[in-house]
Structure formats: C-alpha cells, structure tokens
Amino acid sequence: MSIDKSVSETGEASPIEFRLDPNSGVPTYLQIVQQVEQALRLGYLVTGDRLPKVKEVVASLAINPNTVLKAYRELEHKGLTVGRPGQGTFIEGALDLVPLKDQQALRRGLARWLTQATEAGLDEEGIAALFASALHDLRRQERGLTA
Amino acid sequence: MNATATSPTRSRPRVPAARGLAWVTWRQHRFALAGVLVVLGGLGLFLLFNGLAIHHAYTSLGLGNCGTLGGPGCRSQLTAFQQDYQGWADHLPQLLMFLPGLIGVFVGAPLVARELESGTFRFAWTQGRSRVQWIITKLVLLALVLTALALAFSALFTWWYGPFDAIASRMSPSGAYETSGLVFAARTLFGFTLGALLGLLIRRTVPAMAATAAAWAAVVWPTLIYLRPLIRQPITTPGAPAKGPASGSGGVPINADVVSNWIQNAAGHHFSFDQLFGQAIAGNGGAIPSPERFSAWLTQHHYSQWVSYRPNDWFWHFQTVEAAGYAILAILLAVATVLLLRRRAV
Amino acid sequence: MNAIETHRLGKCYGRTWALRDCTLAIPAGRVAALIGPNGAGKTTLMQLAVGLIGQSAGEIAVLDGATPGTAEALDGIAFVAQDTPLYNYLSVADTLRLVSSLANTWDEARARARLDALSIPLSRKVGKLSGGQQSQVALAVALARHPRLLILDEPVAELDPLARHDFMSTLMEAVAEDGVSVVFSSHVLSELERVCDYLVLLSRGSVQIADGTDELLATHRVFTGPVEQADAVAAALPVIQQRRAGRQASLLVRTTSHPAVPASWQDDPSNLEEIVLSYLRSPDASALPGPDSADRDIPKAVTA
C-alpha cells in the first residue's frame, strides 16, 4: 500500500520539530501554532519552507491528527501558511510584527513600570499575578465592547 | 476525514472462508491430532507385529485346516495356541476400549475451554469470521479426521483379532466388540463432541477434561450392560455353555457370548449350581460326583440346564444400532455446542 | 455517520446491570475515549459493539446501522481486547497468517512494515514478547485489516511510558492515514486531551458525558470568586460542581456564553481532566447530546 514515508522519501528534512508540554495548560493545537510563530520570529522558518506532514507530527507526538489539522488551519487562517494539495503546508507570510522601534519603546516603558513595582515591594510572583489580572480585565473589556 | 489521509489499497478477499478456517483448525490442533496419531499409531504398530505373529502361529499350527475347531483333530493345536495368545485377546481389548474417551478428553474438552480460559476467544471471534462459522468448521473437520483415524484403528484391530474369531466371542461386553466394527469410531465421535460441549459449559480446560472423562464413562458403561438386551434378547436354549476347546452341549457355539446359565426344575424354578451340587453329593453317598454322574443325577431328578447367549453373527446388527445411537448423540451434542456458543454471553 | 449508536442499551449479568439505559452516538472519523471508573460498563459496551455478547435491553448499531456480530460488522471492526489476548504458542508470523486466514481484508505488507519498524522478529513466539510488543502485534494485526472502526479495551493500561507513547503514535498515524474511527477505553485521564476528540464518560453503568472534546471545552467554564457570593452566582448558573474554601469558591459551570457575574468573579476555561472529575463527583449531572443531534453545534445544558 502507499504510505507517505515521511521525511526520507521526499528527501527534504523538516526544518523544525514540534514538542509538547502537557502541563502548560495551553491547548495542544495552540502549542503547535505558537511554536511555528516562535520559529518564524527566530528565523528557523522562512517563506517556502514546508511544515512537517500531519502524519509525521502525529507519529512523533502521538497526538490526534485533527489537532494538527486544526493548528495548520489556524496558521493558514492567520495567513502564515498555505496548503498545497498533495504537497503539504508551506510557510507563506511573515508575522505581522510590531515594528522594532515601537517594540523598544514599549519595552522601555515596561522596564520603568517594573522598577516602580519592585520599589513598591512587589516580588516576581506578585508582578506576574498583577499582570495576569490586568490582562484578564482588558480581555473582559474587549468582550464587553464587541458583545 | 482529513487532507493527508491516503486511501489504502484494500486487498480483495484472499482465502476462501472455509480454507482459511481449515488452516486455522490445522494450525491450532495439529499437536492434539499428532498426539492422537502417535497413540493410535503406536498401538497400531504393536497390533501389526503382534498380529503377524498370531496369524503366523495360527497358520503354522494348522488351525485353519484341522476340521472343526472344537473337534478332536484340533484339540492339541488349539490348546497350544490359546496358551500362547488367548491372554492378549482377553485383556488387550479391555484397555483399548477407553481410547475413544481419552480422545474426547484430550481433543474435545480443550477445543473451546482453552479459548475461553485464556481469553483468546476475544481475538479469534473478532477477526472477520463469526464464531458460529469458527466452531462449525472446527467440529466438522476434527470430527472427520478423528472418525477416520478411529475407523482405521478399528479395522486394524479387527484383522488382529481374526484368529480368535472362531474360538472367542466378538460379542462379549468390554471385549473385542468395543474396539472393532463401528462402535469404536462412534464413541470417539461422541467423546469429542461431548468434550467440546462440556468445555464450553465449564470454560476451564482441566475441569472440562475431568468432566468429559466422567461423563463419557457414565454413558458408555451402562450401555455395555443395559443397552444390548434392548437391541435383541439373547437366545435361551437348554444346554450347557462350552467349556474349554469344545463345542457346548445343546448347540451353543464355542465363540458365543454366554450371557447366563442356570438350572431349573420342571416347574421352572431356578436353582443355584452349588445348592444342587450339595444335594448331588449327598445322593452320591458323600462323594463328589463326576460331571457325567452329576448330569445323570440332574436328569433323574427332573432338573435341566439352560443357557442364554448371543451368537457372533449378531455382531453387525448390534454394532450398527449402537454406533447409530452414539452418532446421533454426538450430532445432538455438536448442535447444542453451536447453538449455545452462538447465544452465549461471555 | 455514526461509528457506534445505542438506544437505551442495557446488559445485565444475573441481576446486576453492567450497563443500563445507555443512549449515545459516537460519530465516525473520531477518536473517542471511553472513560470511567472500573466497573462502569466500559468493557461491556465494547463487547456489545463487537458482538461478543448480546444485549439484554435496548438497541445497538455499529458502522452506520449494522448489527454487531453480523458479517458486515465483523468485517469492518477490529477489536483489541483487554490484556491483548493472543495465542502465546504461535509465532508472530503464524499469528499474521491466522488472522489473514480469518479476515476478508488483509494487508500483509502493512503488518510486516509495522512490525519491522518496531524490530519485532516474525519468528519469535508471541508468548516470548514483552507486553508492549504484544500490544504492538495486536495493533499491527488489527490495522492490517483496514477496519473502518477500531475498538481497543484499555490498550495502554499495562504499558510503560515509552511503549505507551509508541502504541499511541502507531494508532494516531493510522488515524491520519486511513481515517479509521477509534473507540478506546481508559481509566487514565492524563494524555486523553492530546489523543481523543470525543469523550464518553460512563459511571455506574450509565452515560454521563458523550460529546466532542472541543465542544466540552467550549461549554464548560470555571468561575472563581468570594465564597459569600457563591450561592447567588450558583443559583443563576447551571453548576456541575462547586468547591468552597474559607473565602474562595470555584464553580464548574456548563454554559455556552459568558454570563454576567459580579466583577469580583474570575471566568476561566476548564480542561478535560477537571471536567471529567467534576462529573464523576456529581453522578446526577450529565452532558448528553442525544443520538439524533450528534452533529449539532451547541449542546443543551442539563444539570442537577
């Protein structure tokens, strides 16, 4: 029977390999999406690269193929990849990054705030909890607006 | 279901159903069949060599052409022959008659019990063939092979027993009757299906084997005693049974199966031999009478001797009826096995 | 398309009901996990589906309408029973030949390729293989039949973590290749989330949850807030389970929207393990789509 014999048959090795953290609390498909985004940011993936085939991911991670498909659909939906029937999923776009200059400005602002928080007596966990809570409120507000 | 799923090349139906199951039956039971073959074959080889010696002695003593075997022309040769070989004819059949039961115990009982005990039935009955097809194929194929082996063994035994035919009965219970003709094979078939059914009911191999042995004996033993009078009542005739290498008085053949003999008076009351012999001693002045004088004494006092017996030429009639009975029983057990297996909850 | 569909299915042994009033529809093309405590009726349901036993009440159909045990059902379903019973006295090669003799569909190359990849020698007696290897043989044999539905009873319970990963990876690969529907039972909750996309929770012989995992995650949320407001919040929401400490209470709620709760309350997504445990602790709660609505988007909230 005809099995696509993963990497060796096509001759090209997959540029990245996924790994899972079962304790992260992040859904599996989202972990894959985030790892592709991270690889794009760090330059491990460039336009034209082929993502590992669903079967390869499934075999190496022992996860449900629908999860991989869902992740790849999400990536396609975000415009980062394009699926070519019979060939696989390929990197198409780049991440819609915030310009480097703006990033640096934001970072400087955050560093100032962190200093203030530390001076006020907050430890690392306190800072993280406060950040999570503020982010949560922000999301709620957004939902409130859209609803 | 998904984009990367490649459609598998489905292979067409490969082996015809019956042939596939036949291979499975052969592969799973070849050791049991080999065991049966070794036992029957080993005993068969013994019968062959022993039988050649017996046939040779029979011919070289000239028993085939010395006139009536009971007659005076054969007396000394017959005595010599009986001294050497009668023991085999008397005792070997008493052992061989249990072989059908053993085959039932070692081939029949584990057939289903082993699958149930080890849980492999969950594997065997979910691979595409229904368990009904599975059990029918196994029962039919194994029954055919076992019956054929048993018939062959019976045929060899019949040849072996040939020289004794003229001097010993083929009809007596637990004797040659049980291993020759059709009954041996029919009991093998019965033992096999009995084992299969008990294995299905008991679900554990060793207890099922023990139960098969017990049930087989419990069915076969009474038929030795109680079944035959139902097939045909023995011939009852005045006279005495044959003793030694001589034809009995009153026309009872030397090789007849004597069921009983007794003494009765004119009114038809039965008397024991000992009771009358005591009276005859008293009538003889306290001395033990010779057999001739005792006979004369009996006639004088209006007693007569009687004997009931089955002649050898009833053999096939009895064999056919009894074998048919076992065969029907075996078929009923096999049908019960199939039906129970079909609707059983495991 | 349903892989398994039951209506008020029941099975009793003597006077004990091993499975009772079980109504569910497991859609085809899914990897469904059948979970629940020991004695919940998982094995009974599977054996009914493969036709090893007959039901005492109700109805069951497999592969879209076939009766279990019929030629069509036997042909389309492969079953790997608990503890993977194989013939210990057969070699691996003879095991393959045995199944190929019984099965209508058989892909010898596929079976051999899998066993080869796992370095399982064909000449070895099955009884001499490790537990993990025996499971792999059973799975390879099952997959070589190209079943439409694969039913596995506690397939990985006895395996070490590596063997478990290898087994699941083979299984998931087959799902990707063939689109085979899978129903497997397990009492291990972890690892479920990454493998299954449909969940059936049986407890004490009846069905508590039967739904897609995405749907379950989308419809269950955890609300955490001050304990003194818990009663008021709980009264307004379909609560599956409450946990209360001195000051804080957390409620697992079955809801499709984001209901209005006091601002001091936090609204978080749940996870499968938490959902399953909550239902097990609240035996009267159930999340059932019913057999006719297997393809619907939003399940009705049914709560105690």
# chains A, B, ... in the order shown; residues from 1 in each chain; ligands from 1
call {"tool": "residues_around", "arguments": {"residues": "Thr16 (chain C)", "least_positions_apart": "3", "cutoff": "12 Å", "atoms": "only C-alpha atoms", "output": "ChimeraX atom specification"}}
result
/C:10-13,19-20,39,41,56,204-205
call {"tool": "write_last_selection", "arguments": {"atoms": "N, CA and C atoms", "output": "PDB file, in the first residue's frame"}}
result
ATOM      1  N   GLY C  10     -28.888  -1.902  27.347  1.00  0.00           N
ATOM      2  CA  GLY C  10     -28.645  -2.422  28.685  1.00  0.00           C
ATOM      3  C   GLY C  10     -28.104  -3.831  28.619  1.00  0.00           C
ATOM      4  N   LYS C  11     -27.316  -4.181  29.615  1.00  0.00           N
ATOM      5  CA  LYS C  11     -26.803  -5.546  29.701  1.00  0.00           C
ATOM      6  C   LYS C  11     -26.762  -5.942  31.152  1.00  0.00           C
ATOM      7  N   CYS C  12     -27.435  -7.037  31.494  1.00  0.00           N
ATOM      8  CA  CYS C  12     -27.335  -7.476  32.882  1.00  0.00           C
ATOM      9  C   CYS C  12     -26.778  -8.874  32.953  1.00  0.00           C
ATOM     10  N   TYR C  13     -25.980  -9.071  33.969  1.00  0.00           N
ATOM     11  CA  TYR C  13     -25.454 -10.395  34.283  1.00  0.00           C
ATOM     12  C   TYR C  13     -26.170 -10.858  35.541  1.00  0.00           C
ATOM     13  N   LEU C  19     -24.545  -2.415  32.396  1.00  0.00           N
ATOM     14  CA  LEU C  19     -24.755  -1.231  31.568  1.00  0.00           C
ATOM     15  C   LEU C  19     -26.261  -1.017  31.525  1.00  0.00           C
ATOM     16  N   ARG C  20     -26.684   0.237  31.671  1.00  0.00           N
ATOM     17  CA  ARG C  20     -28.116   0.443  31.751  1.00  0.00           C
ATOM     18  C   ARG C  20     -28.517   1.741  31.053  1.00  0.00           C
ATOM     19  N   GLY C  39     -15.486  -0.986  36.451  1.00  0.00           N
ATOM     20  CA  GLY C  39     -16.827  -1.487  36.701  1.00  0.00           C
ATOM     21  C   GLY C  39     -17.917  -0.557  36.210  1.00  0.00           C
ATOM     22  N   GLY C  41     -18.801  -0.179  33.149  1.00  0.00           N
ATOM     23  CA  GLY C  41     -19.504  -0.737  31.994  1.00  0.00           C
ATOM     24  C   GLY C  41     -18.778  -0.525  30.674  1.00  0.00           C
ATOM     25  N   SER C  56     -29.177  -7.132  26.799  1.00  0.00           N
ATOM     26  CA  SER C  56     -30.382  -7.572  27.497  1.00  0.00           C
ATOM     27  C   SER C  56     -31.536  -6.632  27.213  1.00  0.00           C
ATOM     28  N   ARG C 204     -21.113   3.965  36.766  1.00  0.00           N
ATOM     29  CA  ARG C 204     -22.121   3.075  37.338  1.00  0.00           C
ATOM     30  C   ARG C 204     -23.127   2.610  36.287  1.00  0.00           C
ATOM     31  N   GLY C 205     -22.611   2.239  35.125  1.00  0.00           N
ATOM     32  CA  GLY C 205     -23.463   1.608  34.126  1.00  0.00           C
ATOM     33  C   GLY C 205     -24.288   2.551  33.278  1.00  0.00           C
TER      34      GLY C 205
END
call {"tool": "interface_residues", "arguments": {"of": "chain A", "to": "chain C", "cutoff": "12 Å", "atoms": "only C-alpha atoms", "output": "number ranges by chain"}}
result
A: 1-6, 20-32, 53-70, 132-134, 136-137, 139-141, 143-144, 147
call {"tool": "closest_atom_pairs", "arguments": {"of": "region 25-126 of chain B", "to": "region 183-202 of chain B", "cutoff": "10 Å", "atoms": "only C-alpha atoms", "output": "CSV"}}
result
residue,atom,partner,partner_atom,distance
B:Leu96,CA,B:Phe184,CA,9.3
B:Met97,CA,B:Phe184,CA,7.3
B:Phe98,CA,B:Phe184,CA,9.3
B:Leu99,CA,B:Thr188,CA,7.7
B:Pro100,CA,B:Thr188,CA,4.1
B:Gly101,CA,B:Gly191,CA,5.4
B:Leu102,CA,B:Gly191,CA,7.9
B:Ile103,CA,B:Thr188,CA,6.6
B:Gly104,CA,B:Phe192,CA,4.0
B:Val105,CA,B:Gly195,CA,6.1
B:Phe106,CA,B:Gly195,CA,8.4
B:Val107,CA,B:Phe192,CA,6.6
B:Gly108,CA,B:Gly195,CA,4.2
B:Ala109,CA,B:Gly195,CA,3.8
B:Pro110,CA,B:Gly199,CA,6.3
B:Leu111,CA,B:Ala196,CA,5.8
B:Val112,CA,B:Leu200,CA,5.5
B:Ala113,CA,B:Gly199,CA,4.3
B:Arg114,CA,B:Gly199,CA,7.9
B:Glu115,CA,B:Leu200,CA,9.3
B:Leu116,CA,B:Leu200,CA,7.7
B:Glu117,CA,B:Ile202,CA,9.5
call {"tool": "atom_distance", "arguments": {"atom1": "CA of Trp26 (chain B)", "atom2": "CA of Thr95 (chain C)"}}
result
13.5 Å
call {"tool": "closest_atom_pairs", "arguments": {"of": "chain C", "to": "chain B", "cutoff": "8 Å", "atoms": "only C-alpha atoms", "output": "tab-separated table"}}
result
residue	atom	partner	partner_atom	distance
C:Gly29	CA	B:Met1	CA	6.2
C:Val50	CA	B:Thr126	CA	7.0
C:Leu52	CA	B:Val346	CA	6.8
C:Ile53	CA	B:Ala345	CA	4.8
C:Gly54	CA	B:Ala345	CA	6.5
C:Gly69	CA	B:Ser130	CA	6.9
C:Thr70	CA	B:Ser130	CA	7.5
C:Ala71	CA	B:Gly128	CA	6.9
C:Leu74	CA	B:Gly128	CA	4.7
C:Asp75	CA	B:Gly128	CA	4.7
C:Gly76	CA	B:Gly128	CA	8.0
C:Ile77	CA	B:Thr126	CA	7.8
C:Ala78	CA	B:Gln127	CA	6.8
C:Phe79	CA	B:Thr126	CA	6.4
C:Val80	CA	B:Phe123	CA	7.3
C:Ala81	CA	B:Arg122	CA	6.4
C:Thr84	CA	B:Phe123	CA	8.0
C:Pro85	CA	B:Thr120	CA	5.1
C:Leu86	CA	B:Thr120	CA	5.8
C:Tyr87	CA	B:Thr120	CA	6.6
C:Leu98	CA	B:Val24	CA	5.9
C:Val99	CA	B:Gln127	CA	6.4
C:Ser100	CA	B:Gly20	CA	7.8
C:Ser101	CA	B:Gly20	CA	4.1
C:Leu102	CA	B:Arg129	CA	5.7
C:Ala103	CA	B:Gly128	CA	4.7
C:Asn104	CA	B:Pro13	CA	4.8
C:Thr105	CA	B:Ser11	CA	5.7
C:Trp106	CA	B:Ser11	CA	6.0
C:Asp107	CA	B:Ser11	CA	6.3
C:His146	CA	B:Arg10	CA	7.3
C:Ala176	CA	B:Ala5	CA	5.5
C:Glu177	CA	B:Ala5	CA	4.4
C:Asp178	CA	B:Ala5	CA	5.7
C:Gly179	CA	B:Met1	CA	5.5
call {"tool": "closest_residue", "arguments": {"among": "A:Leu138, A:Gln87, A:Gly121, A:Leu110", "to": "chain B", "atoms": "only C-alpha atoms"}}
result
A:Gln87
call {"tool": "closest_residue", "arguments": {"among": "A:Arg19, A:His77, A:Arg84, A:Arg50", "to": "chain B", "atoms": "only C-alpha atoms"}}
result
A:Arg84
call {"tool": "select_by_dssp", "arguments": {"residues": "chain A", "states": "strand (DSSP E)", "output": "PyMOL selection string"}}
result
chain A and resi 81-84+88-91
call {"tool": "write_last_selection", "arguments": {"atoms": "C-alpha atoms", "output": "PDB file, in the first residue's frame"}}
result
ATOM      1  CA  THR A  81       0.979  29.310   5.732  1.00  0.00           C
ATOM      2  CA  VAL A  82      -0.677  27.994   2.616  1.00  0.00           C
ATOM      3  CA  GLY A  83      -1.747  24.407   1.988  1.00  0.00           C
ATOM      4  CA  ARG A  84      -0.926  22.931  -1.396  1.00  0.00           C
ATOM      5  CA  GLY A  88       1.870  19.832   2.200  1.00  0.00           C
ATOM      6  CA  THR A  89       1.678  23.044   4.144  1.00  0.00           C
ATOM      7  CA  PHE A  90       4.165  25.798   3.286  1.00  0.00           C
ATOM      8  CA  ILE A  91       5.242  28.983   5.010  1.00  0.00           C
TER       9      ILE A  91
END
call {"tool": "atom_distance", "arguments": {"atom1": "CA of Gly64 (chain B)", "atom2": "CA of Thr179 (chain B)"}}
result
24.3 Å
call {"tool": "atom_distance", "arguments": {"atom1": "CA of Gly225 (chain C)", "atom2": "CA of Gly126 (chain A)"}}
result
18.8 Å
call {"tool": "residues_around", "arguments": {"residues": "Leu114 (chain A)", "least_positions_apart": "5", "cutoff": "12 Å", "atoms": "only C-alpha atoms", "output": "MDAnalysis selection string"}}
result
chainID A and resid 107:109 119:124 126:128 130:131
call {"tool": "residues_around", "arguments": {"residues": "Glu5 (chain C)", "least_positions_apart": "2", "cutoff": "8 Å", "atoms": "only C-alpha atoms", "output": "PyMOL selection string"}}
result
chain C and resi 2-3+7+23-26+60-62+64+291
call {"tool": "residues_around", "arguments": {"residues": "Cys66 (chain B)", "least_positions_apart": "5", "cutoff": "12 Å", "atoms": "only C-alpha atoms", "output": "NGL selection string"}}
result
:B and (58-61 or 71-78)
call {"tool": "select_by_dssp", "arguments": {"residues": "region 5-146 of chain A", "states": "alpha helix (DSSP H)", "output": "PyMOL selection string"}}
result
chain A and resi 6-10+28-42+54-61+65-77+100-119+124-146
